[in-house]
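K.L.:
Attaching a single structure in structure tokens format; questions to follow.
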Amino acid sequence: MRPKIVIAVLLAGAAGIAFIFFLKPSQVGQPRMVPAPVVQPTASAMESRPAPSQTAPTQTAIAAATPAKPANAANIGVSEVTGPDAEYLQAQIDRLEDLESKDDDASLQAILKELTNTNPIIRHVAIEATIQFGGHTAVPILQGLAARTWDPQEKKELLDAAEFLALPTLSEVRAENANARILPP
Amino acid sequence: MKMTTGILGCALVAGLMTFAAAEAQAGVVINNVLYSPLKIKIAGQYVKNGKIAKFSFNSKEVLKDLGYNSNVKLAVAWSGDVWIINKDATVKNISLYPNDFLFINFGTYVYTYSGKNNNTYTEAGVSYVNFYDNGEFLYGTDSDNWFETQGVYSYKDVDGNTNKQGYYNDHESYNAKALNGDGHFIDVTGGTVPVTGSASYNGSGKILD
């Protein structure tokens, strides 16, 4: 009788562990986001800007994606990454931070995809990564997402990022070297 | 019956461990020092063709100005020094004399400890984020490009419990959301210009106690 109980308990335990294992995020790096159809940025948004220094606007993605609902990404920051999804989140954060230091279009596209991730922490980190990646390609995408984001703080974060990226960079101003003079105090 | 209870307990513990293992880690730990990626976002104003215009200057622009290309980033070590690092190695400390290119200094501040065993340190105050592209701030303004900013910041350091292997999870975050000051950018203006912006770093990793 006892061995039967022991075997039954062992089997139940194994089944429980297997169940818990399958409940976990399946793979680090596997995106969990809203499908993001590829679209072209509008020409008007790019016309008044200096030529993008790093990527071609014609290869851009996302803008039409529906922003994910849970919000307050701006407030969440990335400080307390704990809980069952922590490993997945941290891997995504690390990946975005690596991508932002690169200069190729594929890296930018990988960052932009995460702007519509269902997780607000990932979206917040993706906005930061977009800013640090630089260039102007993301401007219409950020503006488009802001227009469809219901959360006021995330909307502001997206618009602030778009405004910053719309500015010419120091490198571009250098190249342009226009009639600049001191702004009076 | 005791054996049954023990086995049942083991199964439960194993199940719980599956959840607990997902605690956040990573970040950039090099030689047991946590390096937290530094994000700088500065906008400068100048007059162009009779109108006030702005330009941007982020961490990547800082690196470009210092002669670095992609695949390196700015990061802050526990000491507060700013480093250039790549994926798994330090490249250069740029807050250390005679290479004072970029540094964060802290002025007036208040702090408190909280959490279990006072493991959470929280600080708020005024910080200074300065950049000089010739690395010689001590000697004044020979840099082609420089900025000097200040603003209120918040800083938090959370240390986790030390595990059996002697490691604990260290998490540091710094955020100065509203920096302002002035700067000089040789190809933009002949003098100083007002600048505004932000600086932040955020990182976590396993440190050997």
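All residue names refer to the structure tokens as shown: chains lettered A, B, ... in order, residues numbered from 1 in each chain, ligands numbered from 1 in order.
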Determine which residues of range 15-165 of chain B receive a DSSP assignment of strand (DSSP E), computed from the backbone, and state them as a PyMOL selection string.

P.N.:
chain B and resi 28-30+33-48+51-58+73-76+82-85+90-93+95-96+99-100+102-114+120-132+145-159

K.L.:
I'd like to know which residues of range 42-141 of chain B are helix (DSSP H, G or I) (by DSSP, run on the backbone); could you write them as a list in words?

P.N.:
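The helix (DSSP H, G or I) subset of range 42-141 of chain B is Ser59, Lys60, Glu61, Val62, Leu63, Lys64, Asp65, Lys116, Asn117, Asn118, Phe137, Leu138 and Tyr139 of chain B.
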
K.L.:
Which is closest to chain A among B:Gly151, B:Gly135, B:Gly197, B:Gly190, if we use only C-alpha atoms?

P.N.:
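Looking only at the distances to chain A, the closest residue turns out to be B:Gly190.
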
K.L.:
Which distance in Å separates CA of Ile104 in chain B and CA of Gly160 in chain B, to one decimal?

P.N.:
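Distance between the two atoms: 25.5 Å.
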
K.L.:
Using only C-alpha atoms, which residue out of A:Gln132, A:Ile141, A:Ile111, A:Asn117 lies closest to chain B?

P.N.:
A:Gln132

K.L.:
Given the choices B:Ala89, B:Ala124, B:Val76, B:Leu38, which gets closest to chain A if the distance is worked out from only C-alpha atoms?

P.N.:
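Using only C-alpha atoms, chain A sits closest to B:Leu38.
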
K.L.:
Would you pick out the contacts of Ala53 in chain B at 9 Å or less, using only C-alpha atoms, so that residues sharing its chain but fewer than 6 positions from it are not included, and give the list as a tab-separated table (two decimals) with N, CA and C atoms, in the first residue's frame?

P.N.:
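Output file selection-v8.tsv is given in full below:
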```tsv
chain	number	residue	atom	x	y	z
A	167	LEU	N	14.87	66.81	-33.68
A	167	LEU	CA	15.92	67.85	-33.72
A	167	LEU	C	17.11	67.36	-34.53
B	44	GLY	N	20.40	71.64	-27.07
B	44	GLY	CA	20.99	72.98	-26.99
B	44	GLY	C	20.23	73.95	-27.89
B	45	GLN	N	20.20	75.20	-27.49
B	45	GLN	CA	19.52	76.22	-28.30
B	45	GLN	C	20.54	77.17	-28.92
B	46	TYR	N	20.25	77.60	-30.11
B	46	TYR	CA	21.11	78.58	-30.75
B	46	TYR	C	20.26	79.37	-31.75
B	47	VAL	N	20.85	80.40	-32.31
B	47	VAL	CA	20.12	81.20	-33.29
B	47	VAL	C	20.60	80.85	-34.69
```

K.L.:
May I ask which of the residues B:Leu63, B:Ile42, B:Val158, B:Leu102 is the closest one to Tyr121 in chain B, counting only C-alpha atoms?

P.N.:
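When distances to Tyr121 in chain B are compared using only C-alpha atoms, the smallest one comes from B:Val158.
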
K.L.:
So, counting only C-alpha atoms, which residue among B:Asn31, B:Asn180, B:Ser56, B:Ser36 is closest to chain A?

P.N.:
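With only C-alpha atoms as the atom set, the closest residue is B:Ser56.
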